[in-house]
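Notes to accompany the following structure.
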Amino acid sequence: MVDVLLSRYADCIFWLARYVERAENLARILDVNETFSRDSRGAQNWLSIVQLNTDEERFFAGGREVSAESVLRFYVVDGDNPTSIVSAVRAARENARTLRPLISTEMWVQLNIFYNRLAALGAGDLAPGRLSALFTTIKEACQTHTGITEGTFFRDQGWYFYQLGRYIERADQTTRLLDIKYHLLLPNLGDVGSPTDASQWHALLRSAAGYHAYRRLHAARTTPARVAGFLLFNQAFPRSVHHCVREAGRLLGEVKSRYALRGGNDAAEELDRLRAVLGTLTIEEILATGLHEFLDLIQRQLIAVGHALAVAFFGYPATPPAAAPAAAAQ
């Protein structure tokens with residue numbers, strides 16, 4: 001077990017990475033959702049964003065109705081919504097403030113500027129003609145943070161906890177994106193193979209930054225099974241669930257071995273079980289038994305991994321993790 005001070009820092013580093021990754025993924029989802037919202041199921045597609053974070057109660061409590069404007073405001077600039085982009089970046093900045101003795105000046109300055117720019121956004125910035133540029137800016141700012149961290153963060157224990165947080169969050173977000181969009185995009189039989197069908201699946205891949213990697217493997221017709229299999233199992237794609245789980249397991253093993261940490265065995269076992277499941281099932285078997293049920297299982301196991309890490313290294317009490325499907329929060 002690491003000491004109390006390091007436990008606090010490890011917790012903040014872990015969540016700094018998760019919040020930045022969460023903000024980038026939400027920007028990707030909102031950006032590409034404009035493609036989906038142009039069909040006859042536009043309102044349903046915007047509702048799917050709310051469902052992705054299990055935010056129905058919070059969203060409708062304010063008397064909101066589902067529309068592009070209300071959902072975008074809720075998830076981009078609403079500081080009272082803890083799952084919004086501005087809230088995620090604010091939380092990342094607060095963790096970075098605690099970590100000032102450990103992180104580089106460049107990391108802190110970039111995050112601080114990023115948050116201030118988001119906090120200054122107004123209704124005009126969410127106008128339809130400006131959304132693409134806004135989401136590009138958000139994604140690039142998150143990627144800039146990742147690049148600065150890669151180039152300036154000292155490679156000690158903190159580096160491992162940062163990487164663990166990033167991969168666990170990325171795996172979780174990929175399952176949620178696939179869960180919601182897969183069911184929305186299941187086409188009518190008459191639409192299979194049509195230009196509309198193909199463009200929608202391509203948009204889903206773009207939301208996960210996987211379009212070009214996917215096309216390198218599958219130059220022929222895009223199918224739901226191929227897309228789902230790629231996002232779940234491809235070990236060379238850095239956002240696939242299998243790749244993220246494998247990397248998280250490797251990082252946990254390295255930090256335990258290099259720094260002689262006694263804790264973390266429960267988290268390692270959860271990751272081993274998850275990797276075994278991902279390494280033995282085929283996408284055909286999963287689709288036959290239920291994709292939603294499989295993704296829900298993966299999400300719950302990732303929550304269990306995060307809880308086990310918190311107990312082992314961050315000083316959290318050993319109480320069972322919440323069984324809610326929503327992404328875990330600090």
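The chains in the structure tokens are called A, B, ... from first to last as shown; in each chain the residues are counted from 1, and the ligands are counted from 1 in the order shown.
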For the structure I just gave you, how does DSSP split stretch 51-157 of chain A - specifically, which residues are helix (DSSP H, G or I)? Reply as a PyMOL selection string. chain A and resi 51-52+56-61+68-76+85-98+105-119+123-126+128-152+157
File dump, residues just selected, C-alpha atoms, as a PDB file, in the first residue's frame:
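Below is the file that was written, again_20.pdb:
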```pdb
ATOM      1  CA  GLN A  51     -29.214   7.586 -22.235  1.00  0.00           C
ATOM      2  CA  LEU A  52     -25.516   6.970 -22.829  1.00  0.00           C
ATOM      3  CA  GLU A  56     -32.566  10.922 -18.039  1.00  0.00           C
ATOM      4  CA  GLU A  57     -33.599  11.934 -14.498  1.00  0.00           C
ATOM      5  CA  ARG A  58     -31.222  14.889 -14.327  1.00  0.00           C
ATOM      6  CA  PHE A  59     -32.006  16.052 -17.862  1.00  0.00           C
ATOM      7  CA  PHE A  60     -35.792  15.971 -17.586  1.00  0.00           C
ATOM      8  CA  ALA A  61     -35.851  17.332 -14.020  1.00  0.00           C
ATOM      9  CA  ALA A  68     -30.434  19.280 -30.528  1.00  0.00           C
ATOM     10  CA  GLU A  69     -30.235  22.655 -28.775  1.00  0.00           C
ATOM     11  CA  SER A  70     -31.181  21.392 -25.292  1.00  0.00           C
ATOM     12  CA  VAL A  71     -28.937  18.321 -25.394  1.00  0.00           C
ATOM     13  CA  LEU A  72     -25.954  20.254 -26.714  1.00  0.00           C
ATOM     14  CA  ARG A  73     -26.312  22.937 -24.063  1.00  0.00           C
ATOM     15  CA  PHE A  74     -26.681  20.265 -21.358  1.00  0.00           C
ATOM     16  CA  TYR A  75     -23.571  18.373 -22.420  1.00  0.00           C
ATOM     17  CA  VAL A  76     -21.266  21.172 -23.517  1.00  0.00           C
ATOM     18  CA  ILE A  85     -17.688  18.656 -21.169  1.00  0.00           C
ATOM     19  CA  VAL A  86     -17.124  21.852 -19.202  1.00  0.00           C
ATOM     20  CA  SER A  87     -17.620  19.945 -15.919  1.00  0.00           C
ATOM     21  CA  ALA A  88     -15.200  17.197 -16.978  1.00  0.00           C
ATOM     22  CA  VAL A  89     -12.499  19.701 -17.914  1.00  0.00           C
ATOM     23  CA  ARG A  90     -13.132  21.676 -14.717  1.00  0.00           C
ATOM     24  CA  ALA A  91     -12.683  18.481 -12.682  1.00  0.00           C
ATOM     25  CA  ALA A  92      -9.500  17.685 -14.625  1.00  0.00           C
ATOM     26  CA  ARG A  93      -8.166  21.167 -13.849  1.00  0.00           C
ATOM     27  CA  GLU A  94      -8.976  20.834 -10.129  1.00  0.00           C
ATOM     28  CA  ASN A  95      -7.112  17.545  -9.993  1.00  0.00           C
ATOM     29  CA  ALA A  96      -4.221  19.169 -11.844  1.00  0.00           C
ATOM     30  CA  ARG A  97      -4.202  21.997  -9.284  1.00  0.00           C
ATOM     31  CA  THR A  98      -3.701  19.442  -6.506  1.00  0.00           C
ATOM     32  CA  THR A 105       4.047  23.619 -15.837  1.00  0.00           C
ATOM     33  CA  GLU A 106       3.077  23.005 -19.453  1.00  0.00           C
ATOM     34  CA  MET A 107       0.394  20.507 -18.415  1.00  0.00           C
ATOM     35  CA  TRP A 108      -1.112  22.931 -15.912  1.00  0.00           C
ATOM     36  CA  VAL A 109      -1.058  25.986 -18.205  1.00  0.00           C
ATOM     37  CA  GLN A 110      -2.677  24.139 -21.114  1.00  0.00           C
ATOM     38  CA  LEU A 111      -5.475  22.709 -18.961  1.00  0.00           C
ATOM     39  CA  ASN A 112      -6.111  26.082 -17.335  1.00  0.00           C
ATOM     40  CA  ILE A 113      -6.389  27.860 -20.684  1.00  0.00           C
ATOM     41  CA  PHE A 114      -8.587  25.059 -22.044  1.00  0.00           C
ATOM     42  CA  TYR A 115     -11.036  25.329 -19.155  1.00  0.00           C
ATOM     43  CA  ASN A 116     -11.216  29.129 -19.318  1.00  0.00           C
ATOM     44  CA  ARG A 117     -12.064  28.957 -23.014  1.00  0.00           C
ATOM     45  CA  LEU A 118     -14.862  26.464 -22.341  1.00  0.00           C
ATOM     46  CA  ALA A 119     -16.218  28.500 -19.443  1.00  0.00           C
ATOM     47  CA  ALA A 123     -25.254  30.155 -26.787  1.00  0.00           C
ATOM     48  CA  GLY A 124     -23.885  31.520 -30.060  1.00  0.00           C
ATOM     49  CA  ASP A 125     -21.006  29.068 -29.947  1.00  0.00           C
ATOM     50  CA  LEU A 126     -23.532  26.209 -30.127  1.00  0.00           C
ATOM     51  CA  PRO A 128     -25.371  24.692 -35.991  1.00  0.00           C
ATOM     52  CA  GLY A 129     -22.867  26.338 -38.306  1.00  0.00           C
ATOM     53  CA  ARG A 130     -20.233  26.579 -35.561  1.00  0.00           C
ATOM     54  CA  LEU A 131     -20.543  23.181 -33.905  1.00  0.00           C
ATOM     55  CA  SER A 132     -18.060  21.292 -36.038  1.00  0.00           C
ATOM     56  CA  ALA A 133     -15.334  23.862 -35.398  1.00  0.00           C
ATOM     57  CA  LEU A 134     -16.126  23.889 -31.679  1.00  0.00           C
ATOM     58  CA  PHE A 135     -15.900  20.115 -31.316  1.00  0.00           C
ATOM     59  CA  THR A 136     -12.711  20.040 -33.349  1.00  0.00           C
ATOM     60  CA  THR A 137     -11.233  22.604 -30.964  1.00  0.00           C
ATOM     61  CA  ILE A 138     -12.251  20.542 -27.925  1.00  0.00           C
ATOM     62  CA  LYS A 139     -10.866  17.305 -29.351  1.00  0.00           C
ATOM     63  CA  GLU A 140      -7.608  18.985 -30.339  1.00  0.00           C
ATOM     64  CA  ALA A 141      -7.243  20.529 -26.873  1.00  0.00           C
ATOM     65  CA  CYS A 142      -7.657  17.104 -25.262  1.00  0.00           C
ATOM     66  CA  GLN A 143      -5.141  15.618 -27.683  1.00  0.00           C
ATOM     67  CA  THR A 144      -2.771  18.487 -26.960  1.00  0.00           C
ATOM     68  CA  HIS A 145      -3.008  17.664 -23.266  1.00  0.00           C
ATOM     69  CA  THR A 146      -2.189  14.035 -24.040  1.00  0.00           C
ATOM     70  CA  GLY A 147       0.802  15.060 -26.155  1.00  0.00           C
ATOM     71  CA  ILE A 148       2.130  17.493 -23.549  1.00  0.00           C
ATOM     72  CA  THR A 149       1.740  14.839 -20.864  1.00  0.00           C
ATOM     73  CA  GLU A 150       3.577  12.300 -23.016  1.00  0.00           C
ATOM     74  CA  GLY A 151       6.460  14.710 -23.507  1.00  0.00           C
ATOM     75  CA  THR A 152       6.775  16.259 -20.047  1.00  0.00           C
ATOM     76  CA  GLN A 157       4.435   5.864 -10.229  1.00  0.00           C
TER      77      GLN A 157
END
```
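Near A:Tyr182, within a cut-off of 12 Å and counting only C-alpha atoms, sit the residues Phe36, Asn45, Ser48, Thr174, Thr175, Arg176, Leu177, Leu178, Leu186, Pro187, Gln200, Trp201, Ala203, Leu204, Leu205, Thr223, Pro224, Ala225, Arg226, Val227, Ala228, Gly229, Leu231, Leu287, Gly290, Leu291, His292 and Leu295 of chain A, with same-chain residues fewer than 4 positions away left out.
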Output file for the residues above (N, CA and C atoms, as a JSON list (two decimals), in the first residue's frame):
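Saved as selection-v1.json:
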```json
[["chain", "number", "residue", "atom", "x", "y", "z"],
["A", 36, "PHE", "N", -26.26, 11.41, -37.46],
["A", 36, "PHE", "CA", -27.39, 10.54, -37.16],
["A", 36, "PHE", "C", -28.69, 11.32, -37.04],
["A", 45, "ASN", "N", -32.22, 10.03, -31.67],
["A", 45, "ASN", "CA", -30.77, 10.04, -31.67],
["A", 45, "ASN", "C", -30.21, 10.98, -30.60],
["A", 48, "SER", "N", -30.51, 9.44, -27.27],
["A", 48, "SER", "CA", -29.51, 8.41, -27.01],
["A", 48, "SER", "C", -28.29, 8.97, -26.29],
["A", 174, "THR", "N", -15.82, 3.44, -25.18],
["A", 174, "THR", "CA", -16.03, 2.70, -26.43],
["A", 174, "THR", "C", -17.22, 1.77, -26.31],
["A", 175, "THR", "N", -17.38, 1.10, -25.18],
["A", 175, "THR", "CA", -18.55, 0.21, -25.01],
["A", 175, "THR", "C", -19.84, 1.00, -25.02],
["A", 176, "ARG", "N", -19.86, 2.17, -24.43],
["A", 176, "ARG", "CA", -21.09, 2.97, -24.36],
["A", 176, "ARG", "C", -21.47, 3.50, -25.74],
["A", 177, "LEU", "N", -20.48, 3.97, -26.47],
["A", 177, "LEU", "CA", -20.74, 4.44, -27.82],
["A", 177, "LEU", "C", -21.32, 3.32, -28.68],
["A", 178, "LEU", "N", -20.71, 2.16, -28.61],
["A", 178, "LEU", "CA", -21.16, 1.02, -29.42],
["A", 178, "LEU", "C", -22.54, 0.55, -28.98],
["A", 186, "LEU", "N", -29.25, -0.21, -36.33],
["A", 186, "LEU", "CA", -29.67, -1.45, -36.97],
["A", 186, "LEU", "C", -30.65, -1.10, -38.08],
["A", 187, "PRO", "N", -30.32, -1.37, -39.33],
["A", 187, "PRO", "CA", -31.11, -0.87, -40.44],
["A", 187, "PRO", "C", -32.30, -1.75, -40.75],
["A", 200, "GLN", "N", -23.80, 5.94, -42.23],
["A", 200, "GLN", "CA", -24.05, 5.97, -40.80],
["A", 200, "GLN", "C", -23.04, 5.12, -40.03],
["A", 201, "TRP", "N", -22.71, 3.95, -40.56],
["A", 201, "TRP", "CA", -21.71, 3.12, -39.89],
["A", 201, "TRP", "C", -20.33, 3.76, -39.97],
["A", 203, "ALA", "N", -19.86, 6.94, -39.91],
["A", 203, "ALA", "CA", -19.89, 8.00, -38.90],
["A", 203, "ALA", "C", -19.64, 7.45, -37.51],
["A", 204, "LEU", "N", -20.18, 6.27, -37.23],
["A", 204, "LEU", "CA", -19.92, 5.63, -35.95],
["A", 204, "LEU", "C", -18.43, 5.36, -35.77],
["A", 205, "LEU", "N", -17.78, 4.86, -36.81],
["A", 205, "LEU", "CA", -16.35, 4.62, -36.74],
["A", 205, "LEU", "C", -15.57, 5.92, -36.54],
["A", 223, "THR", "N", -20.29, -3.70, -42.39],
["A", 223, "THR", "CA", -21.43, -4.36, -41.77],
["A", 223, "THR", "C", -21.44, -4.09, -40.27],
["A", 224, "PRO", "N", -22.62, -4.17, -39.63],
["A", 224, "PRO", "CA", -22.68, -3.97, -38.18],
["A", 224, "PRO", "C", -21.76, -4.92, -37.41],
["A", 225, "ALA", "N", -21.71, -6.18, -37.81],
["A", 225, "ALA", "CA", -20.88, -7.15, -37.10],
["A", 225, "ALA", "C", -19.40, -6.79, -37.21],
["A", 226, "ARG", "N", -18.97, -6.37, -38.39],
["A", 226, "ARG", "CA", -17.56, -6.01, -38.57],
["A", 226, "ARG", "C", -17.19, -4.79, -37.72],
["A", 227, "VAL", "N", -18.07, -3.79, -37.70],
["A", 227, "VAL", "CA", -17.80, -2.60, -36.91],
["A", 227, "VAL", "C", -17.73, -2.94, -35.43],
["A", 228, "ALA", "N", -18.72, -3.69, -34.94],
["A", 228, "ALA", "CA", -18.74, -4.07, -33.53],
["A", 228, "ALA", "C", -17.52, -4.90, -33.18],
["A", 229, "GLY", "N", -17.18, -5.85, -34.03],
["A", 229, "GLY", "CA", -16.01, -6.68, -33.78],
["A", 229, "GLY", "C", -14.73, -5.88, -33.75],
["A", 231, "LEU", "N", -14.35, -2.62, -32.97],
["A", 231, "LEU", "CA", -14.27, -1.77, -31.78],
["A", 231, "LEU", "C", -14.09, -2.57, -30.50],
["A", 287, "LEU", "N", -23.31, -11.44, -30.72],
["A", 287, "LEU", "CA", -24.54, -10.95, -31.34],
["A", 287, "LEU", "C", -25.67, -11.96, -31.19],
["A", 290, "GLY", "N", -26.74, -11.51, -27.46],
["A", 290, "GLY", "CA", -27.15, -10.17, -27.05],
["A", 290, "GLY", "C", -25.98, -9.23, -26.85],
["A", 291, "LEU", "N", -25.82, -8.27, -27.76],
["A", 291, "LEU", "CA", -24.70, -7.33, -27.65],
["A", 291, "LEU", "C", -24.86, -6.43, -26.43],
["A", 292, "HIS", "N", -26.08, -5.94, -26.19],
["A", 292, "HIS", "CA", -26.28, -5.04, -25.06],
["A", 292, "HIS", "C", -25.88, -5.71, -23.75],
["A", 295, "LEU", "N", -22.07, -5.88, -23.49],
["A", 295, "LEU", "CA", -21.47, -4.58, -23.19],
["A", 295, "LEU", "C", -21.75, -4.15, -21.76]]
```
Exercise: stretch 9-18 of chain A partners within 8 Å, only C-alpha atoms, chain neighbours under 2 positions left out, as a VMD selection string: chain A and resid 5 to 7 20 to 22 91 to 93 95 to 96 98 to 99 157 to 158 161 to 166 168 to 170 310 313 to 314 330
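Restricting the calculation to only C-alpha atoms, the smallest distance between A:Gly249 and any of A:Ala220, A:Val66, A:Val277, A:Leu271 is found for A:Leu271.
Residues lying within 10 Å of A:Val255, counting only C-alpha atoms and ignoring same-chain neighbours fewer than 3 positions away, are A:Asp156, A:Gln157, A:Gly158, A:Trp159, A:Tyr160, A:Phe161, A:Arg250, A:Leu251, A:Leu252, A:Arg258, A:Tyr259, A:Ala260, A:Leu261, A:Gly264.
For the pair atom CA of A:Ala120 and atom CA of A:Leu102, the interatomic distance is 28.2 Å.
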